[in-house]
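What's in query_20.pdb: PDB, C-alpha atoms
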```
ATOM      1  CA  MET M   4      -2.908 -53.959  79.698
ATOM      2  CA  PRO M   5      -3.574 -50.728  81.653
ATOM      3  CA  VAL M   6      -4.837 -51.116  85.187
ATOM      4  CA  VAL M   7      -7.969 -49.233  86.219
ATOM      5  CA  ASP M   8      -8.957 -49.517  89.870
ATOM      6  CA  GLY M   9     -12.408 -51.032  90.159
ATOM      7  CA  LEU M  10     -12.459 -52.925  86.860
ATOM      8  CA  SER M  11     -12.308 -56.689  86.663
ATOM      9  CA  SER M  12      -9.734 -58.400  84.481
ATOM     10  CA  ARG M  13     -12.596 -59.380  82.172
ATOM     11  CA  ALA M  14     -13.613 -55.737  81.668
ATOM     12  CA  LEU M  15      -9.983 -54.680  81.197
ATOM     13  CA  SER M  16      -9.417 -57.327  78.533
ATOM     14  CA  GLU M  17     -12.608 -56.271  76.766
ATOM     15  CA  ILE M  18     -11.430 -52.653  76.786
ATOM     16  CA  THR M  19      -8.032 -53.719  75.477
ATOM     17  CA  ARG M  20      -9.723 -55.646  72.662
ATOM     18  CA  LEU M  21     -11.793 -52.575  71.765
ATOM     19  CA  GLU M  22      -8.718 -50.347  71.802
ATOM     20  CA  HIS M  23      -7.047 -52.673  69.293
ATOM     21  CA  THR M  24     -10.041 -53.220  66.993
ATOM     22  CA  ARG M  25     -11.841 -49.849  66.810
ATOM     23  CA  ASN M  26     -10.528 -47.132  64.530
ATOM     24  CA  TYR M  27     -11.448 -44.383  67.014
ATOM     25  CA  LEU M  28      -9.338 -45.887  69.821
ATOM     26  CA  ARG M  29      -5.660 -46.463  70.470
ATOM     27  CA  PRO M  30      -4.155 -48.603  73.222
ATOM     28  CA  GLY M  31      -4.443 -46.773  76.549
ATOM     29  CA  ASP M  32      -7.107 -44.298  75.396
ATOM     30  CA  VAL M  33      -9.757 -45.411  77.896
ATOM     31  CA  SER M  34      -7.409 -45.240  80.857
ATOM     32  CA  ALA M  35      -6.158 -41.824  79.705
ATOM     33  CA  ALA M  36      -9.741 -40.564  79.247
ATOM     34  CA  LEU M  37     -10.669 -41.729  82.746
ATOM     35  CA  GLY M  38      -7.658 -39.960  84.230
ATOM     36  CA  LEU M  39      -8.262 -36.762  82.260
ATOM     37  CA  TRP M  40     -11.936 -36.604  83.239
ATOM     38  CA  ARG M  41     -11.186 -37.388  86.902
ATOM     39  CA  LYS M  42      -8.481 -34.713  87.066
ATOM     40  CA  TYR M  43     -10.672 -32.126  85.348
ATOM     41  CA  VAL M  44     -13.712 -32.473  87.605
ATOM     42  CA  HIS M  45     -11.553 -32.017  90.714
ATOM     43  CA  GLN M  46     -10.248 -28.619  89.590
ATOM     44  CA  PRO M  47     -11.328 -25.502  91.487
ATOM     45  CA  GLU M  48     -14.655 -24.080  90.337
ATOM     46  CA  ARG M  49     -13.090 -20.851  89.074
ATOM     47  CA  ASP M  50     -10.860 -22.823  86.689
ATOM     48  CA  LEU M  51     -13.855 -24.763  85.402
ATOM     49  CA  TRP M  52     -15.767 -21.529  84.837
ATOM     50  CA  HIS M  53     -12.806 -20.009  82.984
ATOM     51  CA  ASP M  54     -12.652 -23.068  80.726
ATOM     52  CA  TYR M  55     -16.384 -22.812  80.075
ATOM     53  CA  GLU M  56     -16.230 -19.115  79.208
ATOM     54  CA  TRP M  57     -12.995 -18.950  77.207
ATOM     55  CA  GLY M  58     -11.843 -22.476  76.569
ATOM     56  CA  ASN M  59      -8.464 -23.841  77.517
ATOM     57  CA  VAL M  60      -5.482 -23.619  75.162
ATOM     58  CA  HIS M  61      -3.770 -26.511  76.962
ATOM     59  CA  TRP M  62      -6.465 -28.883  75.741
ATOM     60  CA  TYR M  63      -4.792 -28.889  72.317
ATOM     61  CA  CYS M  64      -1.674 -30.502  73.712
ATOM     62  CA  CYS M  65      -2.929 -32.322  76.778
ATOM     63  CA  GLY M  66      -6.401 -33.536  75.806
ATOM     64  CA  ASP M  67      -9.905 -32.154  76.022
ATOM     65  CA  PRO M  68     -11.635 -33.559  79.134
ATOM     66  CA  LEU M  69     -15.092 -33.037  77.620
ATOM     67  CA  LYS M  70     -14.104 -35.086  74.578
ATOM     68  CA  ALA M  71     -12.606 -37.660  76.940
ATOM     69  CA  ARG M  72     -15.962 -37.926  78.724
ATOM     70  CA  ALA M  73     -17.741 -38.347  75.388
ATOM     71  CA  LEU M  74     -15.271 -41.093  74.460
ATOM     72  CA  LEU M  75     -16.072 -42.892  77.703
ATOM     73  CA  ASP M  76     -19.765 -42.831  76.755
ATOM     74  CA  THR M  77     -18.940 -44.337  73.366
ATOM     75  CA  VAL M  78     -16.830 -47.065  74.951
ATOM     76  CA  MET M  79     -19.543 -47.900  77.494
ATOM     77  CA  ARG M  80     -21.998 -48.423  74.626
ATOM     78  CA  ALA M  81     -19.529 -50.728  72.855
ATOM     79  CA  LEU M  82     -18.829 -52.919  75.897
ATOM     80  CA  SER M  83     -20.865 -55.864  77.071
ATOM     81  CA  PRO M  84     -23.524 -54.903  79.640
ATOM     82  CA  ARG M  85     -21.498 -56.322  82.523
ATOM     83  CA  SER M  86     -18.267 -54.523  81.605
ATOM     84  CA  ALA M  87     -20.137 -51.334  80.770
ATOM     85  CA  ARG M  88     -21.740 -51.413  84.225
ATOM     86  CA  GLU M  89     -18.299 -51.691  85.851
ATOM     87  CA  LEU M  90     -16.909 -48.789  83.822
ATOM     88  CA  ARG M  91     -20.049 -46.719  84.409
ATOM     89  CA  MET M  92     -19.617 -47.081  88.180
ATOM     90  CA  ILE M  93     -16.131 -45.583  87.918
ATOM     91  CA  VAL M  94     -17.190 -42.794  85.561
ATOM     92  CA  ASN M  95     -20.190 -42.002  87.770
ATOM     93  CA  ARG M  96     -17.856 -41.164  90.670
ATOM     94  CA  SER M  97     -16.301 -38.342  88.659
ATOM     95  CA  ASP M  98     -19.666 -37.342  87.224
ATOM     96  CA  ALA M  99     -20.969 -36.954  90.777
ATOM     97  CA  VAL M 100     -18.195 -34.454  91.507
ATOM     98  CA  TRP M 101     -18.997 -32.619  88.263
ATOM     99  CA  ASP M 102     -22.715 -32.466  89.119
ATOM    100  CA  ARG M 103     -22.174 -31.295  92.694
ATOM    101  CA  PRO M 104     -23.883 -27.948  93.385
ATOM    102  CA  SER M 105     -21.684 -24.891  93.793
ATOM    103  CA  PRO M 106     -21.040 -23.576  97.295
ATOM    104  CA  PRO M 107     -22.777 -20.316  98.179
ATOM    105  CA  TYR M 108     -20.831 -17.150  97.401
ATOM    106  CA  ASP M 109     -20.976 -15.834 100.966
ATOM    107  CA  VAL M 110     -19.218 -18.691 102.687
ATOM    108  CA  ASP M 111     -19.430 -17.163 106.180
ATOM    109  CA  GLY M 112     -23.264 -17.182 106.070
ATOM    110  CA  ARG M 113     -23.959 -13.461 105.755
TER
END
```
I'd like the structure from this file rewritten - as structure tokens, please.
Amino acid sequence: MPVVDGLSSRALSEITRLEHTRNYLRPGDVSAALGLWRKYVHQPERDLWHDYEWGNVHWYCCGDPLKARALLDTVMRALSPRSARELRMIVNRSDAVWDRPSPPYDVDGR
């Protein structure tokens, strides 16, 4: 069973059960999606903008973080309310970074 900081053993076992019973999931998919989304939202803004404008060829081999985020939404809908709430708290931390406003272009205040 993969370990995700902040999830109870009950939520982890429910995720494991989903990963073994749903045809759109494989074992470890939720943990991988969390890691991919977390890593993506912490990239520099210029990299995010480049991905938005032109896409990212590495997504074909390494996973699409936007699809990973969509998968997390699907999993949260499939979980019990209690487990979904736990997972949502973790996902919301990365979402907060994603939704953070951009810094001003003239950093020195001119």
#### Entry: Non-local contacts of stretch 32-45 of chain M (6 Å; all atoms listed in the file; under 2 positions in same chain excluded) as number ranges by chain
M: 29-30, 68, 71, 97, 101
Centre and edge lengths, as JSON, for the axis-aligned box enclosing every listed atom of stretch 37-48 of chain M with 4 Å of padding on each of the six sides, in Å to one decimal?
```
{"center_x": -11.2, "center_y": -32.9, "center_z": 86.9, "size_x": 15.0, "size_y": 25.6, "size_z": 17.2}
```
### Query
At what distance in Å, to one decimal, does atom CA of M:Ser86 lie from atom CA of M:Ala14?
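That distance, rounded to one decimal, is 4.8 Å.
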### Best match for closeness to M:Ser16 among M:Leu69, M:Leu74, M:Gln46, M:Leu82, counting all atoms listed in the file
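Smallest separation from M:Ser16 among the options: M:Leu82.
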### Query
Just how far from atom CA of M:Glu17 is atom CA of M:Ser83, in Å to one decimal?
8.3 Å
### Message
To one decimal place in Å, what is the distance between atom CA of M:Ser11 and atom CA of M:Asn26?
### Response
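Going from atom CA of M:Ser11 over to atom CA of M:Asn26, I get 24.2 Å.
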For stretch 82-106 of chain M, where the input has fewer atoms than it should, I would like N, CA, C and O atoms rebuilt and written as a PDB file, in the coordinates of the input.
```pdb
ATOM      1  N   LEU M  82     -19.152 -51.807  75.006  1.00  0.00           N
ATOM      2  CA  LEU M  82     -18.829 -52.919  75.897  1.00  0.00           C
ATOM      3  C   LEU M  82     -20.045 -53.805  76.144  1.00  0.00           C
ATOM      4  O   LEU M  82     -21.185 -53.385  75.937  1.00  0.00           O
ATOM      5  N   SER M  83     -19.776 -54.984  76.639  1.00  0.00           N
ATOM      6  CA  SER M  83     -20.865 -55.864  77.071  1.00  0.00           C
ATOM      7  C   SER M  83     -21.568 -55.193  78.255  1.00  0.00           C
ATOM      8  O   SER M  83     -20.972 -54.352  78.934  1.00  0.00           O
ATOM      9  N   PRO M  84     -22.812 -55.546  78.530  1.00  0.00           N
ATOM     10  CA  PRO M  84     -23.524 -54.903  79.640  1.00  0.00           C
ATOM     11  C   PRO M  84     -22.789 -55.000  80.979  1.00  0.00           C
ATOM     12  O   PRO M  84     -22.746 -54.037  81.731  1.00  0.00           O
ATOM     13  N   ARG M  85     -22.204 -56.138  81.251  1.00  0.00           N
ATOM     14  CA  ARG M  85     -21.498 -56.322  82.523  1.00  0.00           C
ATOM     15  C   ARG M  85     -20.279 -55.407  82.639  1.00  0.00           C
ATOM     16  O   ARG M  85     -20.090 -54.726  83.647  1.00  0.00           O
ATOM     17  N   SER M  86     -19.464 -55.371  81.590  1.00  0.00           N
ATOM     18  CA  SER M  86     -18.267 -54.523  81.605  1.00  0.00           C
ATOM     19  C   SER M  86     -18.646 -53.049  81.569  1.00  0.00           C
ATOM     20  O   SER M  86     -18.003 -52.224  82.229  1.00  0.00           O
ATOM     21  N   ALA M  87     -19.681 -52.724  80.819  1.00  0.00           N
ATOM     22  CA  ALA M  87     -20.137 -51.334  80.770  1.00  0.00           C
ATOM     23  C   ALA M  87     -20.603 -50.881  82.143  1.00  0.00           C
ATOM     24  O   ALA M  87     -20.344 -49.751  82.551  1.00  0.00           O
ATOM     25  N   ARG M  88     -21.265 -51.746  82.871  1.00  0.00           N
ATOM     26  CA  ARG M  88     -21.740 -51.413  84.225  1.00  0.00           C
ATOM     27  C   ARG M  88     -20.555 -51.123  85.143  1.00  0.00           C
ATOM     28  O   ARG M  88     -20.575 -50.173  85.917  1.00  0.00           O
ATOM     29  N   GLU M  89     -19.497 -51.918  85.034  1.00  0.00           N
ATOM     30  CA  GLU M  89     -18.299 -51.691  85.851  1.00  0.00           C
ATOM     31  C   GLU M  89     -17.665 -50.340  85.525  1.00  0.00           C
ATOM     32  O   GLU M  89     -17.312 -49.577  86.424  1.00  0.00           O
ATOM     33  N   LEU M  90     -17.513 -50.053  84.230  1.00  0.00           N
ATOM     34  CA  LEU M  90     -16.909 -48.789  83.822  1.00  0.00           C
ATOM     35  C   LEU M  90     -17.806 -47.616  84.211  1.00  0.00           C
ATOM     36  O   LEU M  90     -17.328 -46.586  84.677  1.00  0.00           O
ATOM     37  N   ARG M  91     -19.111 -47.791  84.061  1.00  0.00           N
ATOM     38  CA  ARG M  91     -20.049 -46.719  84.409  1.00  0.00           C
ATOM     39  C   ARG M  91     -19.962 -46.365  85.889  1.00  0.00           C
ATOM     40  O   ARG M  91     -20.058 -45.194  86.263  1.00  0.00           O
ATOM     41  N   MET M  92     -19.753 -47.356  86.744  1.00  0.00           N
ATOM     42  CA  MET M  92     -19.617 -47.081  88.180  1.00  0.00           C
ATOM     43  C   MET M  92     -18.417 -46.171  88.445  1.00  0.00           C
ATOM     44  O   MET M  92     -18.482 -45.269  89.276  1.00  0.00           O
ATOM     45  N   ILE M  93     -17.335 -46.400  87.739  1.00  0.00           N
ATOM     46  CA  ILE M  93     -16.131 -45.583  87.918  1.00  0.00           C
ATOM     47  C   ILE M  93     -16.354 -44.180  87.363  1.00  0.00           C
ATOM     48  O   ILE M  93     -16.018 -43.182  88.006  1.00  0.00           O
ATOM     49  N   VAL M  94     -16.928 -44.099  86.186  1.00  0.00           N
ATOM     50  CA  VAL M  94     -17.190 -42.794  85.561  1.00  0.00           C
ATOM     51  C   VAL M  94     -18.187 -42.001  86.395  1.00  0.00           C
ATOM     52  O   VAL M  94     -18.056 -40.779  86.550  1.00  0.00           O
ATOM     53  N   ASN M  95     -19.173 -42.684  86.966  1.00  0.00           N
ATOM     54  CA  ASN M  95     -20.190 -42.002  87.770  1.00  0.00           C
ATOM     55  C   ASN M  95     -19.598 -41.314  88.995  1.00  0.00           C
ATOM     56  O   ASN M  95     -20.139 -40.312  89.454  1.00  0.00           O
ATOM     57  N   ARG M  96     -18.502 -41.825  89.531  1.00  0.00           N
ATOM     58  CA  ARG M  96     -17.856 -41.164  90.670  1.00  0.00           C
ATOM     59  C   ARG M  96     -17.376 -39.769  90.282  1.00  0.00           C
ATOM     60  O   ARG M  96     -17.569 -38.810  91.027  1.00  0.00           O
ATOM     61  N   SER M  97     -16.756 -39.655  89.126  1.00  0.00           N
ATOM     62  CA  SER M  97     -16.301 -38.342  88.659  1.00  0.00           C
ATOM     63  C   SER M  97     -17.480 -37.482  88.237  1.00  0.00           C
ATOM     64  O   SER M  97     -17.487 -36.271  88.472  1.00  0.00           O
ATOM     65  N   ASP M  98     -18.471 -38.100  87.617  1.00  0.00           N
ATOM     66  CA  ASP M  98     -19.666 -37.342  87.224  1.00  0.00           C
ATOM     67  C   ASP M  98     -20.356 -36.744  88.444  1.00  0.00           C
ATOM     68  O   ASP M  98     -20.880 -35.635  88.379  1.00  0.00           O
ATOM     69  N   ALA M  99     -20.341 -37.462  89.555  1.00  0.00           N
ATOM     70  CA  ALA M  99     -20.969 -36.954  90.777  1.00  0.00           C
ATOM     71  C   ALA M  99     -20.262 -35.699  91.268  1.00  0.00           C
ATOM     72  O   ALA M  99     -20.901 -34.769  91.764  1.00  0.00           O
ATOM     73  N   VAL M 100     -18.946 -35.653  91.128  1.00  0.00           N
ATOM     74  CA  VAL M 100     -18.195 -34.454  91.507  1.00  0.00           C
ATOM     75  C   VAL M 100     -18.556 -33.317  90.556  1.00  0.00           C
ATOM     76  O   VAL M 100     -18.763 -32.182  90.972  1.00  0.00           O
ATOM     77  N   TRP M 101     -18.658 -33.616  89.283  1.00  0.00           N
ATOM     78  CA  TRP M 101     -18.997 -32.619  88.263  1.00  0.00           C
ATOM     79  C   TRP M 101     -20.392 -32.040  88.505  1.00  0.00           C
ATOM     80  O   TRP M 101     -20.618 -30.858  88.338  1.00  0.00           O
ATOM     81  N   ASP M 102     -21.325 -32.882  88.924  1.00  0.00           N
ATOM     82  CA  ASP M 102     -22.715 -32.466  89.119  1.00  0.00           C
ATOM     83  C   ASP M 102     -22.993 -31.864  90.496  1.00  0.00           C
ATOM     84  O   ASP M 102     -24.117 -31.458  90.766  1.00  0.00           O
ATOM     85  N   ARG M 103     -21.989 -31.828  91.348  1.00  0.00           N
ATOM     86  CA  ARG M 103     -22.174 -31.295  92.694  1.00  0.00           C
ATOM     87  C   ARG M 103     -22.545 -29.816  92.630  1.00  0.00           C
ATOM     88  O   ARG M 103     -21.964 -29.065  91.858  1.00  0.00           O
ATOM     89  N   PRO M 104     -23.517 -29.371  93.424  1.00  0.00           N
ATOM     90  CA  PRO M 104     -23.883 -27.948  93.385  1.00  0.00           C
ATOM     91  C   PRO M 104     -22.745 -27.066  93.894  1.00  0.00           C
ATOM     92  O   PRO M 104     -21.941 -27.480  94.721  1.00  0.00           O
ATOM     93  N   SER M 105     -22.708 -25.852  93.388  1.00  0.00           N
ATOM     94  CA  SER M 105     -21.684 -24.891  93.793  1.00  0.00           C
ATOM     95  C   SER M 105     -21.923 -24.440  95.229  1.00  0.00           C
ATOM     96  O   SER M 105     -23.066 -24.327  95.661  1.00  0.00           O
ATOM     97  N   PRO M 106     -20.847 -24.124  95.951  1.00  0.00           N
ATOM     98  CA  PRO M 106     -21.040 -23.576  97.295  1.00  0.00           C
ATOM     99  C   PRO M 106     -21.598 -22.151  97.195  1.00  0.00           C
ATOM    100  O   PRO M 106     -21.403 -21.487  96.174  1.00  0.00           O
TER     101      PRO M 106
END
```
